[in-house]
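Visitor: TSV, C-alpha atoms, saved as coords_3.tsv, coming up:
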```tsv
chain	number	residue	atom	x	y	z
O	1	MET	CA	73.07	-50.18	124.57
O	2	CYS	CA	75.87	-49.97	121.99
O	3	SER	CA	75.68	-53.15	120.01
O	4	ARG	CA	77.15	-52.44	116.60
O	5	TYR	CA	80.16	-53.00	114.41
O	6	PHE	CA	80.80	-52.67	110.69
O	7	LEU	CA	82.44	-54.58	107.86
O	8	ASP	CA	83.76	-52.64	104.88
O	9	ALA	CA	84.75	-55.74	102.90
O	10	ASP	CA	83.11	-58.23	100.57
O	11	GLY	CA	83.50	-61.98	100.18
O	12	ASN	CA	86.58	-61.69	97.98
O	13	ILE	CA	88.50	-59.61	100.52
O	14	ILE	CA	87.55	-61.96	103.35
O	15	ALA	CA	88.57	-64.99	101.28
O	16	TYR	CA	91.98	-63.45	100.56
O	17	THR	CA	92.56	-62.29	104.14
O	18	PHE	CA	91.62	-65.53	105.90
O	19	ARG	CA	92.42	-68.09	103.17
O	20	VAL	CA	88.86	-69.37	102.81
O	21	PRO	CA	86.61	-69.98	99.76
O	22	VAL	CA	84.72	-66.95	98.46
O	23	HIS	CA	81.21	-66.66	99.93
O	24	GLU	CA	78.92	-64.82	97.53
O	25	GLY	CA	76.46	-63.94	100.28
O	26	ILE	CA	78.85	-61.58	102.07
O	27	ARG	CA	78.41	-57.86	101.48
O	28	ARG	CA	79.69	-54.65	102.98
O	29	ARG	CA	77.69	-53.74	106.08
O	30	PHE	CA	78.03	-50.50	108.02
O	31	ASN	CA	75.66	-51.16	110.91
O	32	ILE	CA	75.72	-54.80	112.02
O	33	ALA	CA	73.43	-55.29	115.03
O	34	PRO	CA	72.32	-58.25	117.18
O	35	THR	CA	70.06	-60.77	115.38
O	36	HIS	CA	71.64	-59.79	112.03
O	37	GLU	CA	73.44	-62.44	109.99
O	38	ALA	CA	77.15	-61.77	109.51
O	39	PRO	CA	80.18	-63.80	108.43
O	40	VAL	CA	82.45	-65.78	110.74
O	41	ILE	CA	85.56	-67.85	110.01
O	42	ARG	CA	85.76	-71.24	111.70
O	43	ALA	CA	87.36	-74.67	111.34
O	44	ASP	CA	85.34	-77.47	109.76
O	45	ALA	CA	85.31	-81.09	110.95
O	46	ARG	CA	88.63	-81.75	109.17
O	47	GLY	CA	90.28	-78.66	110.59
O	48	ASN	CA	90.09	-76.63	107.39
O	49	ARG	CA	88.97	-73.01	107.53
O	50	GLU	CA	85.53	-72.12	106.23
O	51	VAL	CA	83.36	-69.02	106.17
O	52	ALA	CA	79.69	-69.08	107.16
O	53	LEU	CA	76.88	-66.62	107.82
O	54	LEU	CA	75.62	-66.89	111.40
O	55	ARG	CA	73.14	-64.97	113.52
O	56	TRP	CA	74.62	-62.61	116.11
O	57	GLY	CA	73.56	-63.52	119.64
O	58	LEU	CA	74.70	-66.93	120.89
O	59	VAL	CA	72.00	-69.50	121.64
O	60	PRO	CA	73.49	-72.47	123.58
O	61	SER	CA	72.51	-75.96	122.43
O	62	TRP	CA	70.65	-76.53	125.72
O	63	ALA	CA	68.57	-73.32	125.54
O	64	LYS	CA	64.80	-73.61	125.49
O	65	GLU	CA	64.19	-70.26	123.75
O	66	ILE	CA	65.98	-68.35	121.01
O	67	SER	CA	65.46	-65.15	122.99
O	68	ILE	CA	68.45	-65.95	125.21
O	69	GLY	CA	70.63	-64.87	122.29
O	70	SER	CA	69.83	-61.21	122.93
O	71	LYS	CA	71.60	-61.52	126.29
O	72	LEU	CA	74.63	-63.33	124.88
O	73	ILE	CA	75.92	-61.03	122.16
O	74	ASN	CA	79.28	-60.91	123.90
O	75	ALA	CA	81.34	-63.00	126.29
O	76	ARG	CA	83.93	-61.81	128.80
O	77	ALA	CA	87.35	-63.33	128.11
O	78	GLU	CA	88.07	-63.60	131.83
O	79	THR	CA	85.16	-66.00	132.54
O	80	LEU	CA	84.72	-68.03	129.33
O	81	ALA	CA	85.83	-71.26	130.98
O	82	GLN	CA	83.41	-70.84	133.90
O	83	LYS	CA	80.20	-69.72	132.19
O	84	PRO	CA	77.86	-72.59	131.16
O	85	ALA	CA	76.81	-70.68	128.04
O	86	PHE	CA	80.39	-70.43	126.74
O	87	ARG	CA	82.66	-73.13	128.16
O	88	ALA	CA	81.75	-75.87	125.65
O	89	ALA	CA	82.18	-73.48	122.72
O	90	LEU	CA	85.53	-72.36	124.13
O	91	ARG	CA	86.75	-75.95	123.92
O	92	SER	CA	85.66	-76.72	120.35
O	93	ARG	CA	83.66	-73.97	118.62
O	94	ARG	CA	85.86	-70.89	118.40
O	95	CYS	CA	85.61	-68.54	115.43
O	96	ILE	CA	86.82	-65.27	113.97
O	97	VAL	CA	84.37	-62.40	113.44
O	98	PRO	CA	85.72	-60.21	110.61
O	99	ALA	CA	85.17	-56.49	111.18
O	100	SER	CA	86.50	-53.18	109.95
O	101	GLY	CA	85.75	-51.46	113.25
O	102	PHE	CA	83.19	-51.00	115.99
O	103	PHE	CA	81.12	-48.19	117.49
O	104	GLU	CA	81.09	-46.61	120.91
O	105	TRP	CA	78.88	-43.72	122.05
O	106	THR	CA	79.66	-40.59	124.04
O	107	GLY	CA	77.59	-37.66	125.25
O	108	GLU	CA	74.68	-37.13	127.55
O	109	GLN	CA	71.98	-39.75	127.84
O	110	ARG	CA	69.49	-37.86	125.66
O	111	TYR	CA	72.01	-37.05	122.93
O	112	ARG	CA	74.29	-39.99	122.24
O	113	VAL	CA	76.99	-39.47	119.62
O	114	PRO	CA	78.45	-42.53	117.83
O	115	HIS	CA	82.15	-42.90	117.11
O	116	ALA	CA	83.69	-45.39	114.69
O	117	ILE	CA	86.81	-47.03	116.13
O	118	THR	CA	89.26	-48.47	113.62
O	119	VAL	CA	92.82	-49.75	113.21
O	120	PRO	CA	94.36	-47.74	110.33
O	121	GLY	CA	96.17	-49.89	107.80
O	122	HIS	CA	93.94	-52.87	108.55
O	123	GLU	CA	90.94	-53.20	106.25
O	124	ILE	CA	89.75	-56.10	108.39
O	125	VAL	CA	90.45	-56.80	112.05
O	126	PRO	CA	89.68	-60.25	113.52
O	127	PHE	CA	87.46	-60.26	116.59
O	128	ALA	CA	87.59	-63.45	118.66
O	129	GLY	CA	84.23	-65.21	118.71
O	130	LEU	CA	82.43	-68.38	119.76
O	131	TRP	CA	79.65	-70.16	117.89
O	132	GLU	CA	76.92	-72.68	118.66
O	133	ALA	CA	74.28	-74.74	116.86
O	134	TRP	CA	70.77	-74.79	118.35
O	135	LYS	CA	67.90	-77.01	117.27
O	136	ALA	CA	64.59	-75.13	117.17
O	137	PRO	CA	61.28	-76.78	118.15
O	138	ASP	CA	60.38	-77.05	114.45
O	139	GLY	CA	63.51	-79.12	113.82
O	140	ARG	CA	65.59	-76.52	111.98
O	141	THR	CA	69.14	-75.84	113.12
O	142	LEU	CA	70.18	-72.27	113.89
O	143	GLU	CA	73.86	-71.33	114.11
O	144	THR	CA	74.74	-68.28	116.20
O	145	TYR	CA	77.81	-66.48	117.50
O	146	THR	CA	79.05	-64.14	120.21
O	147	ILE	CA	81.96	-61.68	120.33
O	148	VAL	CA	84.59	-62.14	123.04
O	149	THR	CA	85.59	-59.01	124.96
O	150	THR	CA	88.52	-57.87	127.08
O	151	GLU	CA	89.15	-54.92	129.35
O	152	ALA	CA	89.43	-51.72	127.34
O	153	ASN	CA	92.85	-50.40	126.44
O	154	GLY	CA	93.79	-46.80	127.23
O	155	PHE	CA	92.38	-45.53	123.94
O	156	VAL	CA	88.91	-47.05	124.33
O	157	SER	CA	88.63	-46.65	128.10
O	158	GLY	CA	87.60	-43.03	127.75
O	159	MET	CA	84.41	-44.26	126.10
O	160	HIS	CA	83.87	-47.64	127.73
O	161	ASP	CA	85.60	-50.15	130.01
O	162	ARG	CA	85.25	-53.12	127.60
O	163	MET	CA	86.29	-53.71	124.00
O	164	PRO	CA	86.25	-56.58	121.50
O	165	ALA	CA	89.12	-59.06	121.72
O	166	ILE	CA	91.05	-58.19	118.55
O	167	LEU	CA	93.45	-60.97	117.64
O	168	GLU	CA	96.98	-60.44	116.40
O	169	GLU	CA	97.63	-62.19	113.09
O	170	ARG	CA	100.06	-64.57	114.77
O	171	ASP	CA	97.34	-65.69	117.21
O	172	ILE	CA	94.62	-66.57	114.69
O	173	ASP	CA	95.66	-70.22	114.26
O	174	ALA	CA	95.89	-70.69	118.03
O	175	TRP	CA	92.42	-69.23	118.49
O	176	LEU	CA	90.84	-71.37	115.79
O	177	GLY	CA	92.60	-74.67	116.43
O	178	GLY	CA	94.93	-74.51	119.42
O	179	SER	CA	94.40	-75.78	122.94
O	180	VAL	CA	92.16	-73.90	125.33
O	181	GLU	CA	95.26	-72.56	127.08
O	182	GLU	CA	96.77	-71.33	123.80
O	183	ALA	CA	93.49	-69.74	122.78
O	184	GLN	CA	93.01	-67.93	126.06
O	185	ALA	CA	96.57	-66.58	125.91
O	186	ALA	CA	95.60	-64.76	122.69
O	187	LEU	CA	92.86	-62.75	124.44
O	188	LYS	CA	94.29	-59.40	125.52
O	189	PRO	CA	93.52	-55.71	124.98
O	190	TYR	CA	94.68	-54.52	121.57
O	191	ALA	CA	97.61	-52.06	121.34
O	192	GLU	CA	96.08	-48.64	122.02
O	193	GLY	CA	98.58	-46.70	119.93
O	194	GLU	CA	97.33	-48.35	116.74
O	195	MET	CA	93.68	-47.33	117.09
O	196	ARG	CA	91.81	-44.26	115.84
O	197	GLU	CA	88.25	-42.94	116.16
O	198	HIS	CA	86.03	-40.45	114.38
O	199	MET	CA	82.52	-39.20	114.93
O	200	VAL	CA	79.78	-40.47	112.63
O	201	SER	CA	76.14	-39.58	112.11
O	202	ARG	CA	73.54	-40.20	114.79
O	203	ALA	CA	71.54	-41.96	112.07
O	204	LEU	CA	73.51	-45.01	113.21
O	205	ASN	CA	71.74	-44.88	116.58
O	206	SER	CA	69.04	-46.95	114.90
O	207	PRO	CA	69.86	-50.66	114.50
O	208	ASN	CA	67.67	-50.62	111.39
O	209	ALA	CA	69.81	-48.08	109.52
O	210	GLU	CA	71.44	-49.59	106.43
O	211	PRO	CA	73.88	-46.96	105.10
O	212	GLU	CA	76.03	-47.61	102.04
O	213	ALA	CA	79.06	-46.18	103.88
O	214	LEU	CA	79.86	-44.70	107.28
O	215	PRO	CA	77.69	-41.55	107.31
O	216	PRO	CA	79.53	-38.40	108.42
O	217	PRO	CA	77.99	-36.26	111.16
O	218	THR	CA	75.84	-33.30	110.15
O	219	GLU	CA	76.96	-29.76	110.93
O	220	GLU	CA	74.31	-29.58	113.64
O	221	GLU	CA	75.56	-32.80	115.24
O	222	ILE	CA	79.15	-31.51	115.22
O	223	ALA	CA	78.13	-28.17	116.73
O	224	ARG	CA	76.04	-29.77	119.45
O	225	ALA	CA	78.77	-32.25	120.32
O	226	SER	CA	81.28	-29.39	120.53
O	227	ARG	CA	79.02	-27.40	122.85
O	228	ALA	CA	78.48	-30.42	125.08
O	229	HIS	CA	82.22	-31.05	125.25
O	230	ALA	CA	82.95	-27.43	126.18
O	231	ALA	CA	80.21	-27.09	128.79
O	232	PRO	CA	81.26	-27.67	132.44
O	233	SER	CA	79.39	-30.66	133.78
O	234	SER	CA	79.89	-33.80	135.78
O	235	ASP	CA	80.99	-36.86	133.86
O	236	PRO	CA	78.01	-38.71	132.33
O	237	PRO	CA	77.41	-42.28	133.38
O	238	ARG	CA	79.08	-44.82	131.15
O	239	GLN	CA	76.86	-46.37	128.53
O	240	GLN	CA	76.02	-50.01	128.60
O	241	SER	CA	77.78	-51.60	125.67
O	242	LEU	CA	77.97	-54.42	123.23
O	243	PHE	CA	81.35	-55.17	124.71
O	244	ASP	CA	80.35	-55.71	128.35
```
Once more with this new file: its structure as structure tokens, please.

Guide:
Amino acid sequence: MCSRYFLDADGNIIAYTFRVPVHEGIRRRFNIAPTHEAPVIRADARGNREVALLRWGLVPSWAKEISIGSKLINARAETLAQKPAFRAALRSRRCIVPASGFFEWTGEQRYRVPHAITVPGHEIVPFAGLWEAWKAPDGRTLETYTIVTTEANGFVSGMHDRMPAILEERDIDAWLGGSVEEAQAALKPYAEGEMREHMVSRALNSPNAEPEALPPPTEEEIARASRAHAAPSSDPPRQQSLFD
């Protein structure tokens, strides 16, 4: 299952982009996976923006086990208001997930090839997210988040039928603090003409990889991908994705 995105920005860049205080704990990450801690932007009790590090994989306040978070790493925009896991957060716990891009995989099942999908000219793109606070049996409070998804645009649909809900700059305030109706109106597939992709190393197939930058593919990986693309075959089944 593809469950990764990356953030090529530190706390200073995020502070400048989203008008929040600098968080010294934020660092560049090129393989963010479920259960990892990553930054989100949200509104505090007074309506001011703040940045916090939360665990990826939403755990609803009513959940009995933390393990439910592995099933709730994303949330379909079309059903947020109906799903028990998301409808309360949609009303009052919306957030922004800063990212520089996300990954999708192509190729046959036994030789998946990752591609980094970006929006050139945008060092950070804001994914729509939801967050929750869960009280563990030992009394500690765990804050978690999920990424909202939409139908894929024409650019991404060749790799998968879902994609993260990337917010336009003009919609950020509505998503963070507007009504539910205003927030839902901001959830739509991003303009396909603005997106680009490039192949990266299969080292990123491992969620434990911690590269210092996006690793380029090896010559062998490029050659094998080229042969697979040229060979006549039936279309491979679509991968299951982070953005289902």

Visitor: Kindly give the distance, in Å, that separates CA of Ser179 (chain O) and CA of Arg19 (chain O), rounded to a single decimal.

Guide: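 CA of Ser179 (chain O) sits 21.3 Å away from CA of Arg19 (chain O).
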
Visitor: Could you tell me how far CA of Glu123 (chain O) lies from CA of Arg196 (chain O), in Å and to one decimal?

Guide: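 Distance reported for this atom pair: 13.1 Å.
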
Visitor: Closest to Lys71 (chain O) among O:Ala209, O:Leu187, O:Ile147, O:Ala116, using only C-alpha atoms?

Guide: O:Ile147

Visitor: Calculated over only C-alpha atoms, which of the candidates O:Ala45, O:Leu214, O:Ala225, O:Ala63 has the smallest distance to Asn31 (chain O)?

Guide: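 With only C-alpha atoms as the atom set, the closest residue is O:Leu214.
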
Visitor: Which of these residues is nearest to Arg170 (chain O), using all atoms listed in the file: O:Asp138, O:Tyr5, O:Pro126, O:Leu80?

Guide: O:Pro126

Visitor: Quick one: pull the distance between CA of Val22 (chain O) and CA of Arg55 (chain O), Å, one decimal.

Guide: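 Taking CA of Val22 (chain O) and CA of Arg55 (chain O), their separation equals 19.1 Å.
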
Visitor: Go through O:Pro21, O:Pro34, O:Gly69, O:Pro114 and flag the residue nearest Glu50 (chain O), using all atoms listed in the file for the distances.

Guide: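 Looking at the shortest contact to Glu50 (chain O), the residue is O:Pro21.
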
Visitor: Find the spatial neighbours of Pro60 (chain O), counting all atoms listed in the file, within a cut-off of 10 Å - ignore same-chain residues fewer than 2 positions away - and output them as a ChimeraX atom specification.

Guide: /O:57-58,62-66,68-69,72,84-86,88-89,131-135,143-145

Visitor: How about saving the chosen residues, C-alpha atoms kept, as a short mmCIF file (atom, residue, chain, number, x, y, z; two decimals), keeping the file's coordinate frame?

Guide:
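And here is the file that came out, result-v4.cif:
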```cif
data_model
loop_
_atom_site.label_atom_id
_atom_site.label_comp_id
_atom_site.auth_asym_id
_atom_site.auth_seq_id
_atom_site.Cartn_x
_atom_site.Cartn_y
_atom_site.Cartn_z
CA GLY O 57 73.56 -63.52 119.64
CA LEU O 58 74.70 -66.93 120.89
CA TRP O 62 70.65 -76.53 125.72
CA ALA O 63 68.57 -73.32 125.54
CA LYS O 64 64.80 -73.61 125.49
CA GLU O 65 64.19 -70.26 123.75
CA ILE O 66 65.98 -68.35 121.01
CA ILE O 68 68.45 -65.95 125.21
CA GLY O 69 70.63 -64.87 122.29
CA LEU O 72 74.63 -63.33 124.88
CA PRO O 84 77.86 -72.59 131.16
CA ALA O 85 76.81 -70.68 128.04
CA PHE O 86 80.39 -70.43 126.74
CA ALA O 88 81.75 -75.87 125.65
CA ALA O 89 82.18 -73.48 122.72
CA TRP O 131 79.65 -70.16 117.89
CA GLU O 132 76.92 -72.68 118.66
CA ALA O 133 74.28 -74.74 116.86
CA TRP O 134 70.77 -74.79 118.35
CA LYS O 135 67.90 -77.01 117.27
CA GLU O 143 73.86 -71.33 114.11
CA THR O 144 74.74 -68.28 116.20
CA TYR O 145 77.81 -66.48 117.50
#
```

Visitor: Using only C-alpha atoms, which residue out of O:Arg162, O:Arg112, O:Arg224, O:Arg29 lies closest to Tyr190 (chain O)?

Guide: O:Arg162

Visitor: Go through O:Ser100, O:Thr35, O:Ser157, O:Thr106 and flag the residue nearest Asn205 (chain O), using all atoms listed in the file for the distances.

Guide: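 Comparing O:Ser100, O:Thr35, O:Ser157, O:Thr106 against Asn205 (chain O), the winner is O:Thr106.
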
Visitor: List the spatial neighbours of Pro207 (chain O) as a ChimeraX atom specification - criterion: any atom at most 10 Å away, all atoms listed in the file, same-chain residues fewer than 4 positions off excluded.

Guide: /O:2-4,31-34,36,203

Visitor: I need every residue sitting at most 10 Å from the point (84.3, -62.7, 131.3) (coordinates as in the file, only C-alpha atoms considered), written as a ChimeraX atom specification.

Guide: /O:74-83,86,148-151,244

Visitor: Can you pull out every residue within 9 Å of Val125 (chain O), counting all atoms listed in the file, but drop anything in the same chain fewer than 5 positions away, and send it as a ChimeraX atom specification?

Guide: /O:97-101,118-119,166-168
